[in-house]
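What follows is a short report on a single structure.
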Amino acid sequence: MSLISAQGLSVRYGGRRVLHDIDFGIARGEIVTIVGPNGSGKTSLLRALLGVVPAARGRVQRAPGLRLGYVPQRLHIDPGLPLPVARFLSLPTRASRAAMEQVLARVGLGDVLAQNMATLSGGQFQRVLLARALLPGPDILMLDEPTAGLDQPGVASFYQLIADVRAQTGCAVLSVSHDLHVVMSASDRVVCINGHICCEGAPQVVRDAPEYRALFGLGTGGALALYQHDHDHAHDHDHDHAGAPHHHAG
Amino acid sequence: MLDDFLTRALLAGLAVAMAAAPLGCFVVWRRMAYFGDATSHAAILGVALALAFQISIFIGTLLVALIMAMIVSTLAGRGWAMDTTLGVLAHSALALGLVAVSFLPAVRVDLSAYLFGDILAVSRVDLGIIVAGAALVLALILWRWSALLTATLSEDLAQASGIDPGRERMVLTLALAVVVAVALKIVGALLIAALLIIPAAAARNLARSPEAMAGIAALIGAVSVWGGLQMSLLQDTPSGPSIVVIAAAIFLISTLGMGLVARLRAR
C-alpha cells in the first residue's frame with residue numbers, strides 16, 4: 001500500500017489549472033524524485049500531497065498514522081524572531097536534548113544547538129531543516145528543491161546524506177528537484193511532469209523516454225538543458241490526454 | 001485595597017501589559033503592525049455603537065474589533081495589497097467612529113477618554129472585565145504557543161506537522177480583538193497598537209529565544225505601565241500616552257545599548 005497517493009488529482013491556482021489527472025503513489029522506503037521545468041507544477045504536486053493546497057478534483061490519500069517530515073525550499077525567518085537551533089528543532093513538539101544532538105550528528109552538524117538560526121550558513125541551514133524533519137522518525141521525507149542555493153559539492157553531499165538516511169531508517173523520500181544528474185543516480189523512480197505526468201519509471205528508462213527528451217533535451221548534461229528549456233516547445237505525446245488541449249502551466 | 005483608584009489603575013494596566021506582550025511578539029514576527037492599527041481604530045466605531053444602543057462599551061468594541069479583524073484577515077487571505085487595504089480600513093473605521101459619535105443625541109461623550117485612555121477611571125467592574133479578558137488572551141496564547149510559533153515560521157511547515165495554519169490565524173485574530181476591547185480604557189484606541197509593538201520591539205534587542213522575548217516584553221510593558229502612571233501623577237500628563245512614552249524610551253535605550261555592545265565587541 002502507498003504511503004501517500006493521488007488519484008485523478010487536479011490543482012488550480014487562482015482559476016488557472018497547474019496540474020491535471022495526476023495518478024501517483026509512493027511506497028515505503030522508496031526514493032522518488034519529481035522533475036520538470038520551472039512552472040511545470042512540481043512544487044504544487046508536493047504541496048497538494050502535503051495537504052497545503054486543496055485538490056480541485058480527484059483526491060489525495062495518506063496511510064493512517066503517517067508521520068511526515070517536510071523540508072521546504074526556503075524558510076524565511078523574520079529578523080524580529082530570535083530563534084536558536086534547539087528551539088527550532090522542538091517546533092512544534094518538544095524534543096529531548098539527546099535526541100537533538102543525535103539528529104544533528106546524523107546530518108553532519110556539530111554543536112549548533114545554541115546558535116541562532118540566522119547565523120547559520122546556507123548549507124548548515126538546510127541540514128538543520130533536514131534534522132527537524134527527521135526528528136519525529138518520519139515514514140516519509142518530503143523535500144522541495146532542498147539544495148537550491150547550495151554549491152555543487154554541497155548538493156552532492158546533501159543527496160549522499162539523504163541516501164544514507166534512507167539506508168539507516170528505511171523512510172521513503174519524495175523530492176522535487178532540478179539537479180538532474182544527481183537525481184538520475186540517486187532515485188529509485190523519477191516522475192517527469194509538466195502540468196501532468198509526462199513519463200515515469202526507473203531513472204534510465206525515463207532518461208531514454210521521448211517525453212523526457214522533449215522536455216529536457218537530448219544531451220546527458222540534462223541539468224544544463226533544463227535551464228535552456230523553452231516553454232513553447234512542441235511536445236509530442238504518444239499517450240492520450242482525454243481530448244483536453246494541452247495546458248502549459250508556465 | 002481595590003478601593004484605591006491608583007491600585008485599580010495599576011492592576012488593570014499590568015493585566016493588559018501581560019496579555020499584550022506575547023500577542024505583540026506575534027504582531028512583530030508576522031508583520032501585522034497595521035493589522036493591530038486597523039483593529040484598534042475600529043474600536044471607536046464600537047464605542048459609538050455601544051453608546052447608541054446602550055450596551056456595554058466592552059461588548060461594543062469587542063464585536064466591532066472582531067468583525068474588523070476578520071475582514072482584514074479574510075482580505076489578506078485573498079491576496080489584497082495589505083498595505084493599502086489596511087490603511088484604508090484603519091482610517092475609515094476611525095473616521096466613521098468619530099462621525100458616528102457626533103450623531104449621538106444628548107450624550108455628552110468625552111471622546112478623549114476613548115482615544116487616549118482613562119486608566120485612572122477604571123472601576124471595580126472594569127477591573128474585573130479587564131483582568132478576565134487579559135487572562136483569557138494569555139491562556140489562549142500559552143495554550144497554542146508552539147502551534148502559533150510553527151505557523152508563524154511557515155504555514156507549510158505547520159501543515160506538515162498536522163497544524164491548521166488557518167485555525168492559528170483565527171486564534172490571533174480573536175486574541176487581538178479581546179486585547180483591543182480591554183486595552184481601550186488603558187491607553188485608548190489610538191495607542192493600543194503601540195502597547196502591542198513597542199515592548200516586543202524593545203525586547204527583541206535583549207532576547208535570544210521567542211519565549212525570552214515574550215517574557216522580557218511583558219516585563220517592559222509592566223515597567224511602562226508603572227512608570228507611565230507615576231509620570232501621569234507627578235507631572236499631570238495624560239496617562240495612556242505617558243505609558244507609551246515610557247515604553248518608547250525603553251525601546252530607545254535597549255536599541256542604543258545593543259548597538260553600543262555590538263560596537264564594543266567588534267573592536
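Starting from 1 in every chain, residues are counted up; chains themselves are A, B, ... following the order of the C-alpha cells, and ligands are numbered from 1 as listed.
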Please identify all residues of chain B having at least one atom at most 9 Å from any atom of chain A, considering only C-alpha atoms, and return them as a list in words.
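Those within range of chain A come out as Cys25, Val28, Trp29, Arg30, Arg31, Trp145, Ser146, Ala147, Leu148, Leu149, Thr150, Leu153, Ser154, Glu155, Asp156, Leu157, Ala158, Gln159, Ala160, Ser161, Ile163, Ala201, Arg204, Asn205, Ala207, Arg208, Ser209, Pro210 and Met213 of chain B.
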Store the residues picked out above, limited to N, CA and C atoms, as an mmCIF file, in the first residue's frame.
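Everything below was put into result_13.cif:
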```
data_model
loop_
_atom_site.group_PDB
_atom_site.id
_atom_site.type_symbol
_atom_site.label_atom_id
_atom_site.label_comp_id
_atom_site.auth_asym_id
_atom_site.auth_seq_id
_atom_site.Cartn_x
_atom_site.Cartn_y
_atom_site.Cartn_z
ATOM 1 N N CYS B 25 4.430 40.174 20.374
ATOM 2 C CA CYS B 25 5.531 39.455 19.723
ATOM 3 C C CYS B 25 5.058 38.849 18.401
ATOM 4 N N VAL B 28 4.725 41.441 15.783
ATOM 5 C CA VAL B 28 6.030 41.797 15.216
ATOM 6 C C VAL B 28 6.531 40.698 14.277
ATOM 7 N N TRP B 29 6.489 39.446 14.736
ATOM 8 C CA TRP B 29 7.030 38.345 13.936
ATOM 9 C C TRP B 29 6.277 38.151 12.630
ATOM 10 N N ARG B 30 4.958 38.374 12.665
ATOM 11 C CA ARG B 30 4.136 38.157 11.477
ATOM 12 C C ARG B 30 3.934 39.430 10.678
ATOM 13 N N ARG B 31 4.582 40.508 11.117
ATOM 14 C CA ARG B 31 4.444 41.802 10.436
ATOM 15 C C ARG B 31 2.993 42.218 10.316
ATOM 16 N N TRP B 145 0.827 28.156 22.034
ATOM 17 C CA TRP B 145 2.136 28.760 21.796
ATOM 18 C C TRP B 145 2.961 28.069 20.695
ATOM 19 N N SER B 146 3.175 26.756 20.873
ATOM 20 C CA SER B 146 4.032 26.049 19.924
ATOM 21 C C SER B 146 3.429 26.031 18.518
ATOM 22 N N ALA B 147 2.133 25.795 18.452
ATOM 23 C CA ALA B 147 1.461 25.746 17.153
ATOM 24 C C ALA B 147 1.503 27.127 16.488
ATOM 25 N N LEU B 148 1.267 28.176 17.291
ATOM 26 C CA LEU B 148 1.308 29.542 16.759
ATOM 27 C C LEU B 148 2.698 29.871 16.219
ATOM 28 N N LEU B 149 3.703 29.455 16.975
ATOM 29 C CA LEU B 149 5.075 29.748 16.580
ATOM 30 C C LEU B 149 5.425 29.001 15.287
ATOM 31 N N THR B 150 5.013 27.751 15.192
ATOM 32 C CA THR B 150 5.280 26.967 13.989
ATOM 33 C C THR B 150 4.577 27.579 12.785
ATOM 34 N N LEU B 153 6.295 30.705 11.605
ATOM 35 C CA LEU B 153 7.534 30.419 10.887
ATOM 36 C C LEU B 153 7.240 30.061 9.436
ATOM 37 N N SER B 154 6.311 29.135 9.233
ATOM 38 C CA SER B 154 5.946 28.723 7.886
ATOM 39 C C SER B 154 4.645 27.954 7.932
ATOM 40 N N GLU B 155 3.672 28.387 7.118
ATOM 41 C CA GLU B 155 2.376 27.715 7.123
ATOM 42 C C GLU B 155 2.501 26.303 6.573
ATOM 43 N N ASP B 156 3.403 26.116 5.595
ATOM 44 C CA ASP B 156 3.596 24.779 5.026
ATOM 45 C C ASP B 156 4.186 23.824 6.062
ATOM 46 N N LEU B 157 5.177 24.348 6.793
ATOM 47 C CA LEU B 157 5.817 23.536 7.828
ATOM 48 C C LEU B 157 4.783 23.139 8.886
ATOM 49 N N ALA B 158 3.919 24.086 9.236
ATOM 50 C CA ALA B 158 2.879 23.818 10.228
ATOM 51 C C ALA B 158 1.943 22.725 9.718
ATOM 52 N N GLN B 159 1.522 22.882 8.466
ATOM 53 C CA GLN B 159 0.602 21.914 7.868
ATOM 54 C C GLN B 159 1.205 20.509 7.880
ATOM 55 N N ALA B 160 2.497 20.429 7.544
ATOM 56 C CA ALA B 160 3.164 19.127 7.510
ATOM 57 C C ALA B 160 3.254 18.518 8.907
ATOM 58 N N SER B 161 3.216 19.377 9.945
ATOM 59 C CA SER B 161 3.252 18.863 11.312
ATOM 60 C C SER B 161 1.855 18.653 11.867
ATOM 61 N N ILE B 163 -0.662 20.878 11.891
ATOM 62 C CA ILE B 163 -1.266 22.082 12.468
ATOM 63 C C ILE B 163 -2.031 22.802 11.370
ATOM 64 N N ALA B 201 9.219 45.055 20.427
ATOM 65 C CA ALA B 201 10.375 45.521 19.649
ATOM 66 C C ALA B 201 11.566 45.794 20.565
ATOM 67 N N ARG B 204 13.129 42.533 21.624
ATOM 68 C CA ARG B 204 13.885 41.847 20.574
ATOM 69 C C ARG B 204 15.392 42.081 20.717
ATOM 70 N N ASN B 205 15.750 43.285 21.159
ATOM 71 C CA ASN B 205 17.163 43.619 21.294
ATOM 72 C C ASN B 205 17.856 42.803 22.378
ATOM 73 N N ALA B 207 16.550 39.652 23.695
ATOM 74 C CA ALA B 207 16.158 38.247 23.835
ATOM 75 C C ALA B 207 16.905 37.338 22.872
ATOM 76 N N ARG B 208 17.100 36.086 23.311
ATOM 77 C CA ARG B 208 17.746 35.097 22.451
ATOM 78 C C ARG B 208 16.828 33.958 22.080
ATOM 79 N N SER B 209 15.617 33.973 22.570
ATOM 80 C CA SER B 209 14.654 32.946 22.173
ATOM 81 C C SER B 209 13.269 33.586 22.154
ATOM 82 N N PRO B 210 12.323 32.962 21.446
ATOM 83 C CA PRO B 210 10.986 33.538 21.364
ATOM 84 C C PRO B 210 10.352 33.698 22.742
ATOM 85 N N MET B 213 11.792 36.561 24.586
ATOM 86 C CA MET B 213 11.318 37.822 24.023
ATOM 87 C C MET B 213 9.940 38.178 24.589
#
```
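The protein and nucleic acid residues lying at most 8 Å from Leu229 of chain B are Leu10, Ser239, Ser242 and Ile243 of chain B, with only C-alpha atoms considered and sequence neighbours fewer than 6 positions away removed.
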Between B:Ala218, B:Leu184, B:Ala42, B:Ala202, which one has atoms that come closest to Ile119 of chain B, using only C-alpha atoms?
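Once distances to Ile119 of chain B are computed over only C-alpha atoms, the minimum belongs to B:Leu184.
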Restricting the calculation to only C-alpha atoms, which member of A:Arg189, A:Gly154, A:Arg166, A:Ile197 is positioned closest to Ala6 of chain A?
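When distances to Ala6 of chain A are compared using only C-alpha atoms, the smallest one comes from A:Ile197.
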From a backbone DSSP assignment, name each residue in segment 16-251 of chain B labelled helix (DSSP H, G or I), as a PyMOL selection string.
chain B and resi 16-29+33-53+57-77+82-103+111-116+119-121+124-153+155-160+165-187+192-204+210-235+239-251
Give me, as a PyMOL selection string, all polymer residues having an atom no more than 10 Å from Ile44 of chain B, counting only C-alpha atoms and skipping those fewer than 2 positions away in the same chain.
chain B and resi 39-42+46-50+57+60-61+64-65+93-101+111+114-115+184+188-190
What's around Ser254 of chain B at 12 Å? Count only C-alpha atoms, leave out sequence neighbours fewer than 5 positions away in its own chain, and write the answer as number ranges by chain.
B: 198-207, 216-217, 220, 247-249, 259-261
Save the residues we just selected, C-alpha atoms, as a compact mmCIF listing (two decimals), in the first residue's frame?
```txt
# COMPACT_ATOMS: atom_id res chain seq x y z
CA ILE B 198 6.87 48.75 21.35
CA PRO B 199 7.54 46.38 24.29
CA ALA B 200 8.02 43.48 21.84
CA ALA B 201 10.37 45.52 19.65
CA ALA B 202 12.38 46.62 22.69
CA ALA B 203 12.55 43.02 23.94
CA ARG B 204 13.89 41.85 20.57
CA ASN B 205 17.16 43.62 21.29
CA LEU B 206 17.66 41.68 24.51
CA ALA B 207 16.16 38.25 23.83
CA ILE B 216 11.01 40.49 28.50
CA ALA B 217 8.25 42.26 26.56
CA ILE B 220 8.95 46.10 29.75
CA ALA B 247 7.84 52.14 26.58
CA ALA B 248 9.34 54.13 23.71
CA ALA B 249 12.14 55.38 25.99
CA GLY B 259 24.32 48.98 19.22
CA LEU B 260 26.98 50.07 21.68
CA VAL B 261 27.61 46.49 22.85
```
Residues within 7 Å of segment 124-129 of chain A, please, as an mmCIF file with C-alpha atoms, in the first residue's frame. Count only C-alpha atoms; anything in the same chain fewer than 3 positions from it doesn't count.
```cif
data_model
loop_
_atom_site.group_PDB
_atom_site.id
_atom_site.type_symbol
_atom_site.label_atom_id
_atom_site.label_comp_id
_atom_site.auth_asym_id
_atom_site.auth_seq_id
_atom_site.Cartn_x
_atom_site.Cartn_y
_atom_site.Cartn_z
ATOM 1 C CA VAL A 71 11.883 20.194 4.189
ATOM 2 C CA VAL A 107 23.085 15.281 9.400
ATOM 3 C CA LEU A 120 23.906 29.565 10.054
ATOM 4 C CA SER A 121 25.426 29.220 6.594
ATOM 5 C CA ARG A 132 13.982 18.851 12.168
ATOM 6 C CA ALA A 133 12.162 16.776 9.550
ATOM 7 C CA PRO A 146 16.296 21.134 -0.799
#
```
